[in-house]
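Okay, coords03.cif now, which holds mmCIF, C-alpha atoms:
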```cif
data_query
#
loop_
_atom_site.label_atom_id
_atom_site.label_comp_id
_atom_site.auth_asym_id
_atom_site.auth_seq_id
_atom_site.Cartn_x
_atom_site.Cartn_y
_atom_site.Cartn_z
CA MET A 233 96.29 83.98 54.04
CA LEU A 234 96.19 84.32 57.83
CA LEU A 235 92.90 83.82 59.70
CA ASP A 236 91.03 84.06 56.36
CA LEU A 237 92.44 87.55 55.78
CA ASP A 238 94.59 88.85 52.94
CA LYS A 239 97.61 91.13 53.40
CA LYS A 240 95.64 94.36 53.10
CA GLU A 241 92.95 93.20 55.53
CA ILE A 242 95.58 92.09 58.03
CA LYS A 243 97.24 95.50 57.90
CA GLN A 244 93.92 97.26 58.43
CA MET A 245 92.97 94.95 61.27
CA ILE A 246 96.31 95.44 62.99
CA GLU A 247 95.81 99.19 62.97
CA GLN A 248 92.24 98.91 64.23
CA GLU A 249 92.85 96.33 66.93
CA ARG A 250 96.03 97.91 68.21
CA GLN A 251 93.88 100.91 69.07
CA SER A 252 91.34 98.73 70.89
CA GLU A 253 91.56 96.07 73.58
CA HIS A 254 90.85 93.12 71.29
CA ASN A 255 93.54 90.45 70.88
CA VAL A 256 96.19 92.76 72.32
CA LEU A 257 98.66 89.98 73.16
CA PHE A 258 98.24 88.43 69.74
CA TRP A 259 99.10 91.62 67.88
CA GLU A 260 101.92 92.52 70.25
CA LEU A 261 103.44 89.16 69.41
CA PHE A 262 102.78 89.71 65.72
CA MET A 263 104.63 93.04 65.78
CA ARG A 264 107.75 91.74 67.52
CA ARG A 265 111.03 91.90 65.58
CA ASP A 266 113.01 89.31 67.54
CA PRO A 267 112.98 85.53 67.09
CA PHE A 268 110.89 83.40 69.46
CA GLN A 269 109.63 79.83 69.63
CA GLN A 270 106.22 78.30 70.38
CA VAL A 271 104.55 81.11 72.27
CA LYS A 272 100.92 80.25 73.05
CA VAL A 273 98.45 83.01 72.30
CA SER A 274 94.71 83.23 71.65
CA TYR A 275 92.80 85.11 68.98
CA GLU A 276 89.06 85.86 68.94
CA ARG A 277 87.02 86.88 65.94
CA ASP A 278 83.24 86.89 65.41
CA GLY A 279 82.71 85.05 68.68
CA GLU A 280 85.10 82.23 67.77
CA LYS A 281 88.28 81.69 69.76
CA LYS A 282 91.42 80.16 68.30
CA ILE A 283 94.57 79.20 70.17
CA PHE A 284 97.94 79.16 68.41
CA LEU A 285 101.54 78.26 69.06
CA VAL A 286 103.49 80.99 67.31
CA SER A 287 107.15 80.90 66.31
CA GLN A 288 109.17 83.54 64.50
CA SER A 289 112.54 83.35 62.79
CA MET A 290 114.50 86.05 61.03
CA LEU A 291 115.48 85.91 57.34
CA LEU A 292 119.04 87.03 56.66
CA ASN A 293 120.66 88.10 53.39
CA LEU A 294 124.17 87.24 52.18
CA TYR A 295 125.58 89.92 54.46
CA SER A 296 123.83 88.50 57.56
CA GLU A 297 121.50 91.45 57.58
CA THR A 298 117.84 91.05 58.43
CA ALA A 299 115.87 90.88 55.21
CA GLY A 300 112.56 89.77 56.64
CA ARG A 301 110.94 87.35 59.02
CA THR A 302 108.92 84.16 58.94
CA ILE A 303 106.03 83.66 61.35
CA PHE A 304 104.70 80.15 61.85
CA PHE A 305 101.24 79.61 63.35
CA LEU A 306 100.22 76.20 64.67
CA ASP A 307 96.50 75.95 65.45
CA ILE A 308 96.18 73.99 68.71
CA THR A 309 92.55 74.91 69.45
CA GLU A 310 91.31 71.32 69.23
CA ILE A 311 94.24 70.02 71.28
CA GLU A 312 93.50 72.58 74.00
CA GLU A 313 89.83 71.58 74.00
CA LEU A 314 90.73 67.90 74.30
CA THR A 315 93.10 68.72 77.16
CA ARG A 316 90.34 70.69 78.90
CA ARG A 317 87.95 67.77 78.51
CA MET A 318 90.53 65.36 79.91
CA HIS A 319 90.97 67.54 83.00
CA GLN A 320 87.19 67.80 83.33
CA SER A 321 86.91 64.03 83.04
CA GLU A 322 89.51 63.60 85.79
CA LYS A 323 87.56 65.98 88.03
CA LEU A 324 84.33 64.07 87.37
CA GLU A 325 86.07 60.79 88.14
CA LEU A 326 87.34 62.22 91.44
CA PHE A 327 83.86 63.54 92.24
CA GLY A 328 82.44 60.09 91.49
CA GLU A 329 84.88 58.49 93.92
CA MET A 330 83.95 61.02 96.62
CA ALA A 331 80.24 60.46 95.99
CA ALA A 332 80.67 56.69 96.21
CA LYS A 333 82.57 57.00 99.49
CA ALA A 334 79.90 59.30 100.94
CA ALA A 335 77.16 56.94 99.75
CA HIS A 336 78.75 54.00 101.54
CA GLU A 337 79.06 56.06 104.73
CA ILE A 338 75.37 57.01 104.52
CA ARG A 339 74.12 53.53 103.68
CA ASP A 340 75.18 51.82 106.93
CA PRO A 341 73.30 54.06 109.42
CA LEU A 342 70.41 54.25 106.98
CA THR A 343 70.11 50.46 107.04
CA VAL A 344 69.93 50.52 110.84
CA ILE A 345 67.22 53.20 110.82
CA HIS A 346 65.24 51.29 108.21
CA GLY A 347 65.51 48.13 110.31
CA PHE A 348 64.11 49.82 113.43
CA LEU A 349 61.28 51.44 111.48
CA ALA A 350 60.40 48.13 109.83
CA PHE A 351 60.35 46.48 113.27
CA MET A 352 58.02 49.20 114.59
CA ASN A 353 55.83 48.90 111.51
CA GLU A 354 55.36 45.18 112.15
CA ASN A 355 54.78 45.39 115.91
CA LEU A 356 52.79 48.58 116.46
CA ALA A 357 49.04 48.75 116.16
CA GLU A 358 47.70 50.33 112.99
CA ASN A 359 46.59 53.53 114.73
CA GLU A 360 50.06 53.89 116.30
CA ARG A 361 51.75 53.34 112.94
CA GLU A 362 49.64 56.10 111.45
CA GLN A 363 50.16 58.36 114.47
CA TYR A 364 53.95 58.19 114.10
CA HIS A 365 53.84 58.14 110.27
CA ILE A 366 55.85 54.90 110.17
CA PRO A 367 54.76 53.89 106.61
CA LEU A 368 55.63 57.36 105.32
CA LEU A 369 59.00 57.32 107.08
CA LEU A 370 59.79 53.94 105.54
CA LYS A 371 58.86 55.31 102.13
CA GLU A 372 61.15 58.32 102.60
CA ILE A 373 63.98 56.05 103.77
CA ASP A 374 63.53 54.07 100.55
CA ARG A 375 63.75 57.35 98.63
CA ILE A 376 67.02 58.22 100.38
CA ASN A 377 68.29 54.73 99.57
CA ALA A 378 67.49 55.37 95.91
CA ILE A 379 69.47 58.62 96.06
CA VAL A 380 72.39 56.72 97.57
CA GLU A 381 72.19 54.23 94.71
CA ASP A 382 72.27 57.12 92.24
CA MET A 383 75.38 58.45 93.96
CA LEU A 384 77.03 55.05 93.56
CA LEU A 385 76.09 55.02 89.88
CA ILE A 386 76.94 58.68 89.27
CA ALA A 387 79.38 57.80 86.52
CA LYS A 388 76.82 55.47 84.93
CA PRO A 389 73.41 57.15 85.05
CA SER A 390 70.56 54.66 85.13
CA ALA A 391 67.35 54.93 83.14
CA PRO A 392 64.26 56.05 85.08
CA VAL A 393 62.03 53.27 86.41
CA LEU A 394 58.47 54.29 85.63
CA LYS A 395 55.69 53.05 87.88
CA GLU A 396 51.99 53.79 87.99
CA THR A 397 50.94 56.18 90.72
CA TYR A 398 48.42 58.94 91.33
CA MET A 399 48.85 62.65 91.94
CA GLU A 400 46.52 62.30 94.91
CA THR A 401 48.94 59.85 96.54
CA ILE A 402 51.92 62.15 95.99
CA VAL A 403 50.09 65.18 97.38
CA GLN A 404 48.87 63.24 100.42
CA ASP A 405 52.43 62.09 101.16
CA LEU A 406 53.65 65.69 101.00
CA LEU A 407 50.83 66.89 103.23
CA SER A 408 51.69 64.20 105.78
CA LEU A 409 55.22 65.59 106.00
CA LEU A 410 53.78 69.05 106.69
CA GLN A 411 51.01 67.92 109.01
CA HIS A 412 52.72 69.12 112.19
CA THR A 413 53.25 72.58 110.68
CA PHE A 414 49.63 72.75 109.55
CA GLU A 415 48.39 71.81 113.02
CA THR A 416 50.67 74.35 114.70
CA GLU A 417 49.63 77.14 112.35
CA LYS A 418 45.99 75.97 112.34
CA ILE A 419 45.97 75.57 108.58
CA ALA A 420 43.32 73.42 106.95
CA VAL A 421 44.11 71.87 103.57
CA HIS A 422 41.47 70.27 101.35
CA VAL A 423 42.55 68.32 98.29
CA ARG A 424 40.28 67.40 95.42
CA LEU A 425 41.98 65.70 92.51
CA ASP A 426 40.74 63.44 89.75
CA ARG A 427 42.16 59.97 90.16
CA VAL A 428 44.21 59.92 86.98
CA PRO A 429 47.10 57.43 86.76
CA LEU A 430 50.61 58.82 86.19
CA TRP A 431 53.69 56.93 85.05
CA ILE A 432 56.67 58.48 86.81
CA ASP A 433 59.87 57.62 88.65
CA ARG A 434 59.18 58.93 92.14
CA ASN A 435 62.84 58.64 93.08
CA LYS A 436 63.90 61.22 90.49
#
```

What would the structure in this file look like if it were written as structure tokens?
Amino acid sequence: MLLDLDKKEIKQMIEQERQSEHNVLFWELFMRRDPFQQVKVSYERDGEKKIFLVSQSMLLNLYSETAGRTIFFLDITEIEELTRRMHQSEKLELFGEMAAKAAHEIRDPLTVIHGFLAFMNENLAENEREQYHIPLLLKEIDRINAIVEDMLLIAKPSAPVLKETYMETIVQDLLSLLQHTFETEKIAVHVRLDRVPLWIDRNK
């Protein structure tokens, strides 16, 4: 049996599918009357796709006349899938190398920026630190550093590091980033949240 079909079903399917656009190349190959070797062709049925290497040889009688033909189907669906995965793996490996290179390029200037901000944080008065959002900037630099670390570990994802924090803290940090916009647009924001602890990885 071919493709779980008997001879009668195959004949009926050939007639039906030759009149449609389904598996055209497969049936064209099936109807050929000349010998050929290892032609790759796909066949789809009920949403499932199979890939075959098909070979055909002619059967001759004692007078060297064609008496029939033999068609050999080799199912290479799994081999094709493995090949596809290998290519995908190679692409991911290349992407990982590019990400690592980019991460190293980002890390150096980021370290310099962090150093200057840390210096300002230590030497400015508290009201000046708050005015220029130095603590928030340092926190965001740390977040970028965490992203860089993730880029370096892209091929080996790390587990999230859960720490206790509060929604109020997260919202206030976001509002600080938008403070200039709020002041320009004269928007007043009032936040009232219950102080409920959350366990999250804020770098994710």

Answer key for the PyMOL selection byres ((chain A and resi 302-316) around 9), residues as JSON, numbers by chain: {"A": [234, 262, 270, 272, 274, 281, 282, 283, 284, 285, 286, 287, 288, 289, 290, 291, 300, 301, 317, 318, 319, 320, 321]}

Residue members of the PyMOL selection byres ((chain A and resi 380) around 10) in the file shown, as a list in words: Ala331, Ala332, Ala334, Ala335, His336, Glu337, Ile338, Arg339, Leu342, Asp374, Arg375, Ile376, Asn377, Ala378, Ile379, Glu381, Asp382, Met383, Leu384, Leu385 and Ile386 of chain A

Residues as selected, C-alpha atoms, written as a PDB file, keeping the file's coordinate frame, can you do that?
```
ATOM      1  CA  ALA A 331      80.240  60.460  95.990  1.00  0.00           C
ATOM      2  CA  ALA A 332      80.670  56.690  96.210  1.00  0.00           C
ATOM      3  CA  ALA A 334      79.900  59.300 100.940  1.00  0.00           C
ATOM      4  CA  ALA A 335      77.160  56.940  99.750  1.00  0.00           C
ATOM      5  CA  HIS A 336      78.750  54.000 101.540  1.00  0.00           C
ATOM      6  CA  GLU A 337      79.060  56.060 104.730  1.00  0.00           C
ATOM      7  CA  ILE A 338      75.370  57.010 104.520  1.00  0.00           C
ATOM      8  CA  ARG A 339      74.120  53.530 103.680  1.00  0.00           C
ATOM      9  CA  LEU A 342      70.410  54.250 106.980  1.00  0.00           C
ATOM     10  CA  ASP A 374      63.530  54.070 100.550  1.00  0.00           C
ATOM     11  CA  ARG A 375      63.750  57.350  98.630  1.00  0.00           C
ATOM     12  CA  ILE A 376      67.020  58.220 100.380  1.00  0.00           C
ATOM     13  CA  ASN A 377      68.290  54.730  99.570  1.00  0.00           C
ATOM     14  CA  ALA A 378      67.490  55.370  95.910  1.00  0.00           C
ATOM     15  CA  ILE A 379      69.470  58.620  96.060  1.00  0.00           C
ATOM     16  CA  GLU A 381      72.190  54.230  94.710  1.00  0.00           C
ATOM     17  CA  ASP A 382      72.270  57.120  92.240  1.00  0.00           C
ATOM     18  CA  MET A 383      75.380  58.450  93.960  1.00  0.00           C
ATOM     19  CA  LEU A 384      77.030  55.050  93.560  1.00  0.00           C
ATOM     20  CA  LEU A 385      76.090  55.020  89.880  1.00  0.00           C
ATOM     21  CA  ILE A 386      76.940  58.680  89.270  1.00  0.00           C
TER      22      ILE A 386
END
```

Distance in Å - CA of Ile402 (chain A) versus CA of Leu369 (chain A):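 So the two atoms, CA of Ile402 (chain A) and CA of Leu369 (chain A), lie 14.0 Å apart.
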
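Relative to CA of Glu297 (chain A), CA of Val273 (chain A) is found at 28.6 Å.
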
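Of the listed residues A:Asp433, A:Asp266, A:Glu329, A:Glu362, the one whose atoms come nearest to Thr397 (chain A) is A:Asp433, with distances taken using all atoms listed in the file.
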